[in-house]
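Source file: my_file.pdb; contents: PDB, C-alpha atoms.
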ATOM      1  CA  MET A   1      33.428 -25.074 -29.423  1.00  0.00           C
ATOM      2  CA  MET A   2      31.473 -23.415 -32.208  1.00  0.00           C
ATOM      3  CA  ILE A   3      28.349 -25.419 -31.310  1.00  0.00           C
ATOM      4  CA  LYS A   4      28.673 -24.466 -27.621  1.00  0.00           C
ATOM      5  CA  THR A   5      29.110 -20.809 -28.563  1.00  0.00           C
ATOM      6  CA  MET A   6      26.022 -20.958 -30.772  1.00  0.00           C
ATOM      7  CA  LEU A   7      24.028 -22.589 -27.970  1.00  0.00           C
ATOM      8  CA  ARG A   8      25.107 -19.909 -25.472  1.00  0.00           C
ATOM      9  CA  HIS A   9      24.191 -17.218 -27.970  1.00  0.00           C
ATOM     10  CA  LYS A  10      20.787 -18.819 -28.530  1.00  0.00           C
ATOM     11  CA  ILE A  11      20.092 -19.072 -24.791  1.00  0.00           C
ATOM     12  CA  ALA A  12      21.183 -15.475 -24.216  1.00  0.00           C
ATOM     13  CA  THR A  13      18.959 -14.310 -27.070  1.00  0.00           C
ATOM     14  CA  GLN A  14      15.980 -16.196 -25.617  1.00  0.00           C
ATOM     15  CA  MET A  15      16.558 -14.596 -22.202  1.00  0.00           C
ATOM     16  CA  ILE A  16      16.769 -11.123 -23.740  1.00  0.00           C
ATOM     17  CA  VAL A  17      13.531 -11.750 -25.647  1.00  0.00           C
ATOM     18  CA  LYS A  18      11.798 -12.909 -22.441  1.00  0.00           C
ATOM     19  CA  VAL A  19      12.954  -9.810 -20.564  1.00  0.00           C
ATOM     20  CA  MET A  20      11.793  -7.561 -23.395  1.00  0.00           C
ATOM     21  CA  VAL A  21       8.389  -9.264 -23.418  1.00  0.00           C
ATOM     22  CA  MET A  22       8.059  -8.787 -19.644  1.00  0.00           C
ATOM     23  CA  VAL A  23       8.987  -5.099 -19.935  1.00  0.00           C
ATOM     24  CA  MET A  24       6.472  -4.627 -22.760  1.00  0.00           C
ATOM     25  CA  LEU A  25       3.742  -6.317 -20.719  1.00  0.00           C
ATOM     26  CA  MET A  26       4.487  -4.098 -17.722  1.00  0.00           C
ATOM     27  CA  MET A  27       4.369  -0.996 -19.917  1.00  0.00           C
ATOM     28  CA  MET A  28       1.049  -2.136 -21.398  1.00  0.00           C
ATOM     29  CA  MET A  29      -0.350  -2.631 -17.891  1.00  0.00           C
ATOM     30  CA  MET A  30       0.803   0.853 -16.841  1.00  0.00           C
ATOM     31  CA  ILE A  31      -0.743   2.365 -19.978  1.00  0.00           C
ATOM     32  CA  ALA A  32      -4.007   0.531 -19.288  1.00  0.00           C
ATOM     33  CA  ILE A  33      -4.062   1.797 -15.693  1.00  0.00           C
ATOM     34  CA  ASN A  34      -3.364   5.368 -16.795  1.00  0.00           C
ATOM     35  CA  ALA A  35      -5.989   5.105 -19.524  1.00  0.00           C
ATOM     36  CA  ALA A  36      -8.577   4.093 -16.908  1.00  0.00           C
ATOM     37  CA  ASP A  37      -7.917   7.313 -14.960  1.00  0.00           C
ATOM     38  CA  THR A  38     -10.134  10.036 -16.421  1.00  0.00           C
ATOM     39  CA  ASN A  39      -9.675  12.471 -13.520  1.00  0.00           C
ATOM     40  CA  GLU A  40      -7.308  15.301 -14.472  1.00  0.00           C
ATOM     41  CA  VAL A  41      -7.600  17.096 -11.112  1.00  0.00           C
ATOM     42  CA  PHE A  42      -4.449  16.639  -9.010  1.00  0.00           C
ATOM     43  CA  ASP A  43      -4.929  19.490  -6.523  1.00  0.00           C
ATOM     44  CA  PRO A  44      -6.586  18.358  -3.264  1.00  0.00           C
ATOM     45  CA  CYS A  45      -8.134  21.834  -2.926  1.00  0.00           C
ATOM     46  CA  SER A  46      -9.956  21.609  -6.272  1.00  0.00           C
ATOM     47  CA  ASP A  47     -13.257  19.897  -7.070  1.00  0.00           C
ATOM     48  CA  ALA A  48     -13.386  16.669  -9.046  1.00  0.00           C
ATOM     49  CA  MET A  49     -16.078  14.325 -10.335  1.00  0.00           C
ATOM     50  CA  VAL A  50     -14.841  10.749 -10.565  1.00  0.00           C
ATOM     51  CA  GLN A  51     -15.779   7.287 -11.679  1.00  0.00           C
ATOM     52  CA  LYS A  52     -14.587   3.856 -10.561  1.00  0.00           C
ATOM     53  CA  PHE A  53     -10.848   3.284 -11.026  1.00  0.00           C
ATOM     54  CA  ASP A  54     -10.064   6.981 -11.473  1.00  0.00           C
ATOM     55  CA  GLY A  55      -7.305   8.413  -9.347  1.00  0.00           C
ATOM     56  CA  PHE A  56      -8.596  10.766  -6.650  1.00  0.00           C
ATOM     57  CA  THR A  57      -6.366  13.310  -4.903  1.00  0.00           C
ATOM     58  CA  PHE A  58      -6.951  14.171  -1.255  1.00  0.00           C
ATOM     59  CA  GLY A  59      -4.844  15.552   1.558  1.00  0.00           C
ATOM     60  CA  LEU A  60      -4.038  14.912   5.192  1.00  0.00           C
ATOM     61  CA  ALA A  61      -3.173  17.908   7.376  1.00  0.00           C
ATOM     62  CA  PHE A  62      -1.331  17.395  10.680  1.00  0.00           C
ATOM     63  CA  SER A  63      -1.332  19.897  13.533  1.00  0.00           C
ATOM     64  CA  ASP A  64      -2.838  20.504  16.965  1.00  0.00           C
ATOM     65  CA  LYS A  65      -6.620  20.286  17.155  1.00  0.00           C
ATOM     66  CA  ASP A  66      -7.289  23.999  17.635  1.00  0.00           C
ATOM     67  CA  SER A  67      -5.452  24.818  14.393  1.00  0.00           C
ATOM     68  CA  PHE A  68      -8.361  23.455  12.363  1.00  0.00           C
ATOM     69  CA  PHE A  69     -10.920  25.846  13.875  1.00  0.00           C
ATOM     70  CA  SER A  70     -11.670  29.539  13.407  1.00  0.00           C
ATOM     71  CA  ASN A  71     -14.128  31.163  15.817  1.00  0.00           C
ATOM     72  CA  GLN A  72     -15.090  27.663  17.012  1.00  0.00           C
ATOM     73  CA  VAL A  73     -16.023  26.579  13.460  1.00  0.00           C
ATOM     74  CA  GLN A  74     -14.004  23.853  11.746  1.00  0.00           C
ATOM     75  CA  LEU A  75     -12.791  24.947   8.313  1.00  0.00           C
ATOM     76  CA  SER A  76     -11.184  23.039   5.487  1.00  0.00           C
ATOM     77  CA  PRO A  77      -7.360  23.027   5.533  1.00  0.00           C
ATOM     78  CA  CYS A  78      -7.694  24.635   2.080  1.00  0.00           C
ATOM     79  CA  ASP A  79      -9.212  27.717   3.719  1.00  0.00           C
ATOM     80  CA  SER A  80      -6.548  30.441   3.999  1.00  0.00           C
ATOM     81  CA  ARG A  81      -8.165  31.780   7.177  1.00  0.00           C
ATOM     82  CA  LEU A  82      -6.578  28.909   9.090  1.00  0.00           C
ATOM     83  CA  ALA A  83      -3.022  29.861   8.076  1.00  0.00           C
ATOM     84  CA  LEU A  84      -1.992  26.224   8.355  1.00  0.00           C
ATOM     85  CA  SER A  85       0.991  26.732   6.069  1.00  0.00           C
ATOM     86  CA  LYS A  86       2.866  28.202   9.045  1.00  0.00           C
ATOM     87  CA  LYS A  87       2.161  25.457  11.566  1.00  0.00           C
ATOM     88  CA  ALA A  88       0.920  22.272   9.886  1.00  0.00           C
ATOM     89  CA  GLN A  89       2.379  19.439   7.835  1.00  0.00           C
ATOM     90  CA  LEU A  90       0.696  18.085   4.732  1.00  0.00           C
ATOM     91  CA  ALA A  91       0.603  14.733   2.949  1.00  0.00           C
ATOM     92  CA  VAL A  92      -1.127  14.258  -0.415  1.00  0.00           C
ATOM     93  CA  PHE A  93      -2.278  10.915  -1.830  1.00  0.00           C
ATOM     94  CA  ARG A  94      -3.938   9.765  -5.035  1.00  0.00           C
ATOM     95  CA  PRO A  95      -5.561   6.351  -4.489  1.00  0.00           C
ATOM     96  CA  GLN A  96      -7.667   4.540  -7.060  1.00  0.00           C
ATOM     97  CA  VAL A  97     -11.396   5.029  -6.542  1.00  0.00           C
ATOM     98  CA  ASP A  98     -13.103   2.051  -4.854  1.00  0.00           C
ATOM     99  CA  GLU A  99      -9.857   0.196  -4.280  1.00  0.00           C
ATOM    100  CA  ILE A 100      -8.827  -0.627  -0.704  1.00  0.00           C
ATOM    101  CA  SER A 101      -5.519   1.107  -0.004  1.00  0.00           C
ATOM    102  CA  LEU A 102      -3.132   1.179   2.930  1.00  0.00           C
ATOM    103  CA  LEU A 103      -1.324   4.480   3.439  1.00  0.00           C
ATOM    104  CA  THR A 104       1.717   4.658   5.728  1.00  0.00           C
ATOM    105  CA  ILE A 105       3.406   7.757   7.152  1.00  0.00           C
ATOM    106  CA  ASN A 106       6.390   8.047   9.460  1.00  0.00           C
ATOM    107  CA  SER A 107       4.950   9.460  12.682  1.00  0.00           C
ATOM    108  CA  SER A 108       7.429   8.116  15.219  1.00  0.00           C
ATOM    109  CA  PRO A 109       7.929  10.521  18.169  1.00  0.00           C
ATOM    110  CA  SER A 110      11.473  11.632  18.859  1.00  0.00           C
ATOM    111  CA  ASP A 111      11.125  11.307  22.596  1.00  0.00           C
ATOM    112  CA  PRO A 112       8.625  10.420  25.321  1.00  0.00           C
ATOM    113  CA  GLY A 113       6.788  13.377  26.779  1.00  0.00           C
ATOM    114  CA  THR A 114       6.202  15.037  23.389  1.00  0.00           C
ATOM    115  CA  PRO A 115       3.684  14.415  20.582  1.00  0.00           C
ATOM    116  CA  GLY A 116       4.930  12.944  17.302  1.00  0.00           C
ATOM    117  CA  PRO A 117       6.546  15.139  14.642  1.00  0.00           C
ATOM    118  CA  LEU A 118       3.274  15.318  12.716  1.00  0.00           C
ATOM    119  CA  GLY A 119       1.354  16.988  15.534  1.00  0.00           C
ATOM    120  CA  SER A 120      -1.344  15.692  17.842  1.00  0.00           C
ATOM    121  CA  HIS A 121      -4.254  15.532  15.337  1.00  0.00           C
ATOM    122  CA  MET A 122      -4.952  15.009  11.641  1.00  0.00           C
ATOM    123  CA  VAL A 123      -7.729  16.021   9.233  1.00  0.00           C
ATOM    124  CA  ALA A 124      -8.486  14.456   5.853  1.00  0.00           C
ATOM    125  CA  PHE A 125      -9.801  16.870   3.221  1.00  0.00           C
ATOM    126  CA  ALA A 126     -10.503  17.480  -0.471  1.00  0.00           C
ATOM    127  CA  GLY A 127     -12.440  19.886  -2.690  1.00  0.00           C
ATOM    128  CA  ARG A 128     -13.249  23.576  -2.679  1.00  0.00           C
ATOM    129  CA  LYS A 129     -16.992  24.071  -3.248  1.00  0.00           C
ATOM    130  CA  HIS A 130     -18.044  21.395  -0.766  1.00  0.00           C
ATOM    131  CA  ALA A 131     -14.804  21.786   1.213  1.00  0.00           C
ATOM    132  CA  ALA A 132     -15.188  18.256   2.570  1.00  0.00           C
ATOM    133  CA  ARG A 133     -13.115  17.552   5.667  1.00  0.00           C
ATOM    134  CA  SER A 134     -13.064  14.975   8.420  1.00  0.00           C
ATOM    135  CA  PHE A 135     -13.277  15.750  12.095  1.00  0.00           C
ATOM    136  CA  PRO A 136      -9.795  16.100  13.662  1.00  0.00           C
ATOM    137  CA  VAL A 137      -8.722  12.691  14.943  1.00  0.00           C
ATOM    138  CA  MET A 138      -6.039  12.306  17.589  1.00  0.00           C
ATOM    139  CA  ILE A 139      -2.726  10.729  16.605  1.00  0.00           C
ATOM    140  CA  SER A 140      -0.715  11.195  19.784  1.00  0.00           C
ATOM    141  CA  ASP A 141      -0.418  12.967  23.080  1.00  0.00           C
ATOM    142  CA  ASN A 142       2.568  13.237  25.402  1.00  0.00           C
ATOM    143  CA  ASN A 143       2.489   9.561  26.323  1.00  0.00           C
ATOM    144  CA  MET A 144       0.559   7.510  23.753  1.00  0.00           C
ATOM    145  CA  ILE A 145       0.415   7.181  19.966  1.00  0.00           C
ATOM    146  CA  ILE A 146      -2.357   5.680  17.811  1.00  0.00           C
ATOM    147  CA  THR A 147      -0.924   4.031  14.715  1.00  0.00           C
ATOM    148  CA  SER A 148      -3.902   2.447  12.914  1.00  0.00           C
ATOM    149  CA  PHE A 149      -6.906   4.226  11.359  1.00  0.00           C
ATOM    150  CA  THR A 150      -9.686   3.544   8.869  1.00  0.00           C
ATOM    151  CA  LEU A 151     -10.840   6.387   6.621  1.00  0.00           C
ATOM    152  CA  VAL A 152     -13.974   6.304   4.448  1.00  0.00           C
ATOM    153  CA  LEU A 153     -14.424   8.666   1.483  1.00  0.00           C
ATOM    154  CA  GLU A 154     -18.127   9.062   0.727  1.00  0.00           C
ATOM    155  CA  PHE A 155     -19.208  10.168  -2.761  1.00  0.00           C
ATOM    156  CA  GLN A 156     -22.538  11.103  -4.311  1.00  0.00           C
ATOM    157  CA  LYS A 157     -22.704  10.981  -8.116  1.00  0.00           C
ATOM    158  CA  GLY A 158     -18.911  11.110  -8.236  1.00  0.00           C
ATOM    159  CA  THR A 159     -18.488  14.169  -5.992  1.00  0.00           C
ATOM    160  CA  LEU A 160     -16.898  13.847  -2.554  1.00  0.00           C
ATOM    161  CA  GLN A 161     -19.360  14.655   0.230  1.00  0.00           C
ATOM    162  CA  ASN A 162     -17.758  13.416   3.440  1.00  0.00           C
ATOM    163  CA  LEU A 163     -14.612  11.931   4.915  1.00  0.00           C
ATOM    164  CA  TYR A 164     -15.018  10.129   8.190  1.00  0.00           C
ATOM    165  CA  TRP A 165     -12.955   7.969  10.519  1.00  0.00           C
ATOM    166  CA  LYS A 166     -14.360   4.573  11.496  1.00  0.00           C
ATOM    167  CA  LYS A 167     -13.678   2.982  14.865  1.00  0.00           C
ATOM    168  CA  PHE A 168     -13.720  -0.759  15.564  1.00  0.00           C
ATOM    169  CA  GLY A 169     -13.048  -0.779  19.294  1.00  0.00           C
ATOM    170  CA  CYS A 170     -10.202  -2.461  21.125  1.00  0.00           C
ATOM    171  CA  GLN A 171     -10.862  -6.153  20.513  1.00  0.00           C
ATOM    172  CA  SER A 172      -7.908  -6.404  18.130  1.00  0.00           C
ATOM    173  CA  CYS A 173      -5.322  -4.620  20.318  1.00  0.00           C
ATOM    174  CA  SER A 174      -2.081  -6.606  20.477  1.00  0.00           C
ATOM    175  CA  LYS A 175      -0.050  -7.189  23.647  1.00  0.00           C
ATOM    176  CA  ASP A 176       1.975  -3.957  23.527  1.00  0.00           C
ATOM    177  CA  PHE A 177      -1.097  -1.765  22.995  1.00  0.00           C
ATOM    178  CA  VAL A 178      -3.618  -0.397  25.455  1.00  0.00           C
ATOM    179  CA  CYS A 179      -7.249   0.570  24.894  1.00  0.00           C
ATOM    180  CA  LEU A 180      -7.678   4.345  24.721  1.00  0.00           C
ATOM    181  CA  GLY A 181     -11.166   5.731  25.323  1.00  0.00           C
ATOM    182  CA  GLY A 182     -12.718   2.360  24.544  1.00  0.00           C
ATOM    183  CA  GLU A 183     -12.172   2.989  20.813  1.00  0.00           C
ATOM    184  CA  ASP A 184      -8.493   3.021  19.838  1.00  0.00           C
ATOM    185  CA  CYS A 185      -5.502   0.752  20.264  1.00  0.00           C
ATOM    186  CA  ALA A 186      -2.721   3.045  21.479  1.00  0.00           C
ATOM    187  CA  LEU A 187       0.959   2.375  22.021  1.00  0.00           C
ATOM    188  CA  PRO A 188       3.134   3.951  24.711  1.00  0.00           C
ATOM    189  CA  ILE A 189       5.593   6.287  22.967  1.00  0.00           C
ATOM    190  CA  SER A 190       8.408   4.703  24.977  1.00  0.00           C
ATOM    191  CA  LYS A 191       7.886   1.486  22.978  1.00  0.00           C
ATOM    192  CA  CYS A 192       8.595   3.112  19.584  1.00  0.00           C
ATOM    193  CA  LYS A 193      11.860   2.205  17.832  1.00  0.00           C
ATOM    194  CA  SER A 194      12.938   5.835  17.956  1.00  0.00           C
ATOM    195  CA  ASN A 195      12.974   5.493  21.737  1.00  0.00           C
ATOM    196  CA  GLY A 196      14.600   2.067  21.906  1.00  0.00           C
ATOM    197  CA  GLY A 197      11.408   0.036  21.636  1.00  0.00           C
ATOM    198  CA  ALA A 198      10.467  -2.718  19.202  1.00  0.00           C
ATOM    199  CA  ASN A 199       7.663  -0.939  17.278  1.00  0.00           C
ATOM    200  CA  ASP A 200       8.272   1.255  14.212  1.00  0.00           C
ATOM    201  CA  CYS A 201       5.202   3.411  15.065  1.00  0.00           C
ATOM    202  CA  LEU A 202       4.353   4.108  11.436  1.00  0.00           C
ATOM    203  CA  LEU A 203       0.958   5.720  10.962  1.00  0.00           C
ATOM    204  CA  SER A 204      -1.205   3.369   8.878  1.00  0.00           C
ATOM    205  CA  ILE A 205      -4.528   4.329   7.292  1.00  0.00           C
ATOM    206  CA  GLN A 206      -6.879   1.821   5.689  1.00  0.00           C
ATOM    207  CA  LEU A 207      -8.612   3.817   2.950  1.00  0.00           C
ATOM    208  CA  THR A 208     -12.000   2.828   1.552  1.00  0.00           C
ATOM    209  CA  PHE A 209     -14.860   4.281  -0.493  1.00  0.00           C
ATOM    210  CA  SER A 210     -18.659   4.373  -0.292  1.00  0.00           C
ATOM    211  CA  GLY A 211     -21.584   5.969  -2.186  1.00  0.00           C
ATOM    212  CA  THR A 212     -21.800   6.276  -5.983  1.00  0.00           C
ATOM    213  CA  ASP A 213     -19.542   7.443  -8.794  1.00  0.00           C
ATOM    214  CA  LYS A 214     -20.504   9.867 -11.588  1.00  0.00           C
ATOM    215  CA  ASN A 215     -22.069   6.967 -13.513  1.00  0.00           C
ATOM    216  CA  LEU A 216     -24.133   6.025 -10.438  1.00  0.00           C
ATOM    217  CA  GLN A 217     -22.140   2.828  -9.943  1.00  0.00           C
ATOM    218  CA  ALA A 218     -21.953   1.791  -6.296  1.00  0.00           C
ATOM    219  CA  LEU A 219     -18.630   2.130  -4.473  1.00  0.00           C
ATOM    220  CA  ASN A 220     -18.327  -0.959  -2.295  1.00  0.00           C
ATOM    221  CA  SER A 221     -14.830  -1.077  -0.808  1.00  0.00           C
ATOM    222  CA  TRP A 222     -15.992   0.222   2.589  1.00  0.00           C
ATOM    223  CA  TYR A 223     -18.509  -2.606   2.895  1.00  0.00           C
ATOM    224  CA  GLU A 224     -15.804  -5.138   2.049  1.00  0.00           C
ATOM    225  CA  VAL A 225     -13.655  -3.829   4.906  1.00  0.00           C
ATOM    226  CA  SER A 226     -16.557  -3.604   7.340  1.00  0.00           C
ATOM    227  CA  ASN A 227     -17.478  -7.234   6.625  1.00  0.00           C
ATOM    228  CA  LEU A 228     -13.877  -8.375   7.056  1.00  0.00           C
ATOM    229  CA  ARG A 229     -12.870  -6.098   9.917  1.00  0.00           C
ATOM    230  CA  GLN A 230     -11.849  -9.064  12.069  1.00  0.00           C
ATOM    231  CA  TYR A 231      -8.820  -9.367   9.806  1.00  0.00           C
ATOM    232  CA  SER A 232      -5.966  -6.875  10.051  1.00  0.00           C
ATOM    233  CA  LEU A 233      -5.117  -5.332   6.690  1.00  0.00           C
ATOM    234  CA  TYR A 234      -2.234  -3.565   8.364  1.00  0.00           C
ATOM    235  CA  GLY A 235      -0.726  -6.880   9.397  1.00  0.00           C
ATOM    236  CA  LEU A 236      -0.950  -8.124   5.818  1.00  0.00           C
ATOM    237  CA  TYR A 237       0.569  -4.980   4.318  1.00  0.00           C
ATOM    238  CA  SER A 238       3.214  -4.535   7.002  1.00  0.00           C
ATOM    239  CA  ASN A 239       4.502  -8.055   6.367  1.00  0.00           C
ATOM    240  CA  LEU A 240       4.686  -7.281   2.658  1.00  0.00           C
ATOM    241  CA  ARG A 241       6.355  -3.941   3.349  1.00  0.00           C
ATOM    242  CA  GLY A 242       8.899  -5.594   5.615  1.00  0.00           C
ATOM    243  CA  SER A 243       9.806  -8.201   3.021  1.00  0.00           C
ATOM    244  CA  VAL A 244      10.374  -5.528   0.360  1.00  0.00           C
ATOM    245  CA  VAL A 245      11.881  -2.655   2.334  1.00  0.00           C
ATOM    246  CA  GLY A 246      14.035  -4.953   4.440  1.00  0.00           C
ATOM    247  CA  GLN A 247      16.135  -5.780   1.394  1.00  0.00           C
ATOM    248  CA  PHE A 248      17.212  -2.153   1.183  1.00  0.00           C
ATOM    249  CA  ASP A 249      17.824  -1.392   4.859  1.00  0.00           C
ATOM    250  CA  GLY A 250      21.562  -1.380   4.328  1.00  0.00           C
ATOM    251  CA  LEU A 251      21.235   1.238   1.601  1.00  0.00           C
ATOM    252  CA  LEU A 252      19.095   3.708   3.564  1.00  0.00           C
TER     253      LEU A 252
END
In structure tokens, write the structure found in this file.
Amino acid sequence: MMIKTMLRHKIATQMIVKVMVMVMLMMMMMIAINAADTNEVFDPCSDAMVQKFDGFTFGLAFSDKDSFFSNQVQLSPCDSRLALSKKAQLAVFRPQVDEISLLTINSSPSDPGTPGPLGSHMVAFAGRKHAARSFPVMISDNNMIITSFTLVLEFQKGTLQNLYWKKFGCQSCSKDFVCLGGEDCALPISKCKSNGGANDCLLSIQLTFSGTDKNLQALNSWYEVSNLRQYSLYGLYSNLRGSVVGQFDGLL
């Protein structure tokens, strides 16, 4: 009995040591990642100069298209003249520079005949001096919703210059989707899960980078996506998301 007890104690000790080693390794990885981030700007309405693997903070503003214009001129959502705080929703992200990211946002409409809860259009933005902003891109109207987008952040010497949406046409539209304007795969709102359909209608944004960082190193993630655009990153990430989130469905 004493030998068995000693063996159990030895095995338990080995398992504890292994767990401690794994935790230490994870902490070291997190420290290394944080150490690689030299950008201390976390406000999307402030200017930042970044290098590869820094975190970069930018925002997405959601509202109707006209909300982003003043006297027929499009302004940055950071501009107080737009008064977006009263009528727009905001999401802020901090991806790693030159890494391909997939952002997801719940945009499922509550009922057919109305746009989604985020509004009909969205604008990506960051910075104050350059006040970089994308053109408003449509998310939904009263009947259709677009769930997949590709956003490119273009830098020059580490400073954001432009944000623009890339279109790949309708060749990859799946069976439930229809081609909208010859550019976007759109889904009838009636087919969203919130209306009894089979689709979750999450807004997904493939995020990439181009240009140069503050050390004049090329940012190449956009070219990687453009060369591999026949593959669906959203399909890859959604399968991963489903396998992880699905385990917790009963707790939500």
(message) With the PyMOL selection byres ((chain A and resi 60) around 7) as the selection, what would be picked from this file? Answer as a list in words, please.
(response)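 Applied to this file, the PyMOL selection byres ((chain A and resi 60) around 7) returns Gly59, Ala61, Phe62, Leu90, Ala91, Val92, Met122, Val123, Ala124 and Phe125 of chain A.
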(message) Quick check, in Å to one decimal: how far apart do atom CA of A:Gln96 and atom CA of A:Met138 lie?
(response)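 Atom CA of A:Met138 lies 25.9 Å from atom CA of A:Gln96.
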(request) Take atom CA of A:Asp47 and atom CA of A:Lys129 and report the distance between them in Å, one decimal. (result)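 Those two atoms sit 6.8 Å apart.
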Would you write out, as a tab-separated table, a table of all residues in stretch 145-186 of chain A that have an atom no more than 10 Å from an atom of stretch 190-202 of chain A, listing for each the closest atom pair and the distance in Å to one decimal, considering all atoms listed in the file and ordering rows by chain and rising residue number?
residue	atom	partner	partner_atom	distance
A:Ile145	CA	A:Cys201	CA	7.8
A:Ile146	CA	A:Cys201	CA	8.4
A:Thr147	CA	A:Cys201	CA	6.2
A:Ser148	CA	A:Leu202	CA	8.5
A:Asp176	CA	A:Lys191	CA	8.1
A:Phe177	CA	A:Lys191	CA	9.6
Please produce a file of the residues just selected, as a PDB file, keeping the file's coordinate frame, where the atoms kept are C-alpha atoms.
ATOM      1  CA  ILE A 145       0.415   7.181  19.966  1.00  0.00           C
ATOM      2  CA  ILE A 146      -2.357   5.680  17.811  1.00  0.00           C
ATOM      3  CA  THR A 147      -0.924   4.031  14.715  1.00  0.00           C
ATOM      4  CA  SER A 148      -3.902   2.447  12.914  1.00  0.00           C
ATOM      5  CA  ASP A 176       1.975  -3.957  23.527  1.00  0.00           C
ATOM      6  CA  PHE A 177      -1.097  -1.765  22.995  1.00  0.00           C
TER       7      PHE A 177
END
(request) Would you list the residues near (-0.6, 16.9, 14.6), meaning any protein, DNA or RNA residue with an atom at most 7 Å from that point in file coordinates, counting all atoms listed in the file, as a PyMOL selection string? (result) chain A and resi 62-64+118-122+139
Write the selection just made, keeping C-alpha atoms, as a compact mmCIF listing (two decimals), keeping the file's coordinate frame?
# COMPACT_ATOMS: atom_id res chain seq x y z
CA PHE A 62 -1.33 17.40 10.68
CA SER A 63 -1.33 19.90 13.53
CA ASP A 64 -2.84 20.50 16.96
CA LEU A 118 3.27 15.32 12.72
CA GLY A 119 1.35 16.99 15.53
CA SER A 120 -1.34 15.69 17.84
CA HIS A 121 -4.25 15.53 15.34
CA MET A 122 -4.95 15.01 11.64
CA ILE A 139 -2.73 10.73 16.60
(request) For the structure shown, which residues end up in the PyMOL selection byres ((chain A and resi 74) around 12)? Put them as JSON, numbers by chain, please? (result) {"A": [65, 66, 67, 68, 69, 70, 71, 72, 73, 75, 76, 77, 78, 79, 81, 82, 123, 125, 131, 132, 133, 134, 135, 136]}
(message) To test your reading of the syntax: which residues would the PyMOL selection byres ((chain A and resi 105) around 9) return for the file shown? Reply as a ChimeraX atom specification.
(response) /A:91,103-104,106-107,202-205
Determine, counting all atoms listed in the file, which protein, DNA and RNA residues have an atom within 8 Å of an atom of A:Arg94; residues of the same chain fewer than 3 positions away are not included. Present the result as a compact mmCIF listing (two decimals) with C-alpha atoms, keeping the file's coordinate frame.
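Final file, out_30.txt:
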# COMPACT_ATOMS: atom_id res chain seq x y z
CA PHE A 42 -4.45 16.64 -9.01
CA GLY A 55 -7.30 8.41 -9.35
CA PHE A 56 -8.60 10.77 -6.65
CA THR A 57 -6.37 13.31 -4.90
CA PHE A 58 -6.95 14.17 -1.25
(message) My list of candidates is A:Asp98, A:Leu160, A:Ser174, A:Leu219. Which is closest to A:Leu207 when distances are computed with all atoms listed in the file?
(response)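 Ranking A:Asp98, A:Leu160, A:Ser174, A:Leu219 by distance to A:Leu207, first place goes to A:Asp98.
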(request) To one decimal in Å, tell me the separation between atom CA of A:Ser80 and atom CA of A:Pro44. (result)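 Interatomic distance here is 14.1 Å.
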(message) as a ChimeraX atom specification, please: the residues near A:Phe155 (cut-off 9 Å, only C-alpha atoms, same-chain neighbours under 4 positions excluded).
(response) /A:50,159-162,209-214,219
Those same residues, written as a PDB file, in the coordinates of the input with C-alpha atoms?
ATOM      1  CA  VAL A  50     -14.841  10.749 -10.565  1.00  0.00           C
ATOM      2  CA  THR A 159     -18.488  14.169  -5.992  1.00  0.00           C
ATOM      3  CA  LEU A 160     -16.898  13.847  -2.554  1.00  0.00           C
ATOM      4  CA  GLN A 161     -19.360  14.655   0.230  1.00  0.00           C
ATOM      5  CA  ASN A 162     -17.758  13.416   3.440  1.00  0.00           C
ATOM      6  CA  PHE A 209     -14.860   4.281  -0.493  1.00  0.00           C
ATOM      7  CA  SER A 210     -18.659   4.373  -0.292  1.00  0.00           C
ATOM      8  CA  GLY A 211     -21.584   5.969  -2.186  1.00  0.00           C
ATOM      9  CA  THR A 212     -21.800   6.276  -5.983  1.00  0.00           C
ATOM     10  CA  ASP A 213     -19.542   7.443  -8.794  1.00  0.00           C
ATOM     11  CA  LYS A 214     -20.504   9.867 -11.588  1.00  0.00           C
ATOM     12  CA  LEU A 219     -18.630   2.130  -4.473  1.00  0.00           C
TER      13      LEU A 219
END
Return as AutoDock Vina command-line options the centre and edge lengths, in Å with one decimal, of the box along x, y and z that encloses every atom of stretch 176-187 of chain A in the file, padded by 6 Å per side.
--center_x -5.4 --center_y 0.9 --center_z 22.6 --size_x 26.7 --size_y 21.7 --size_z 17.6
(message) Given all atoms listed in the file as the basis, pick out the residue of A:Thr208, A:Asn215, A:Asn142, A:Val137 nearest to A:Pro95.
(response) A:Thr208
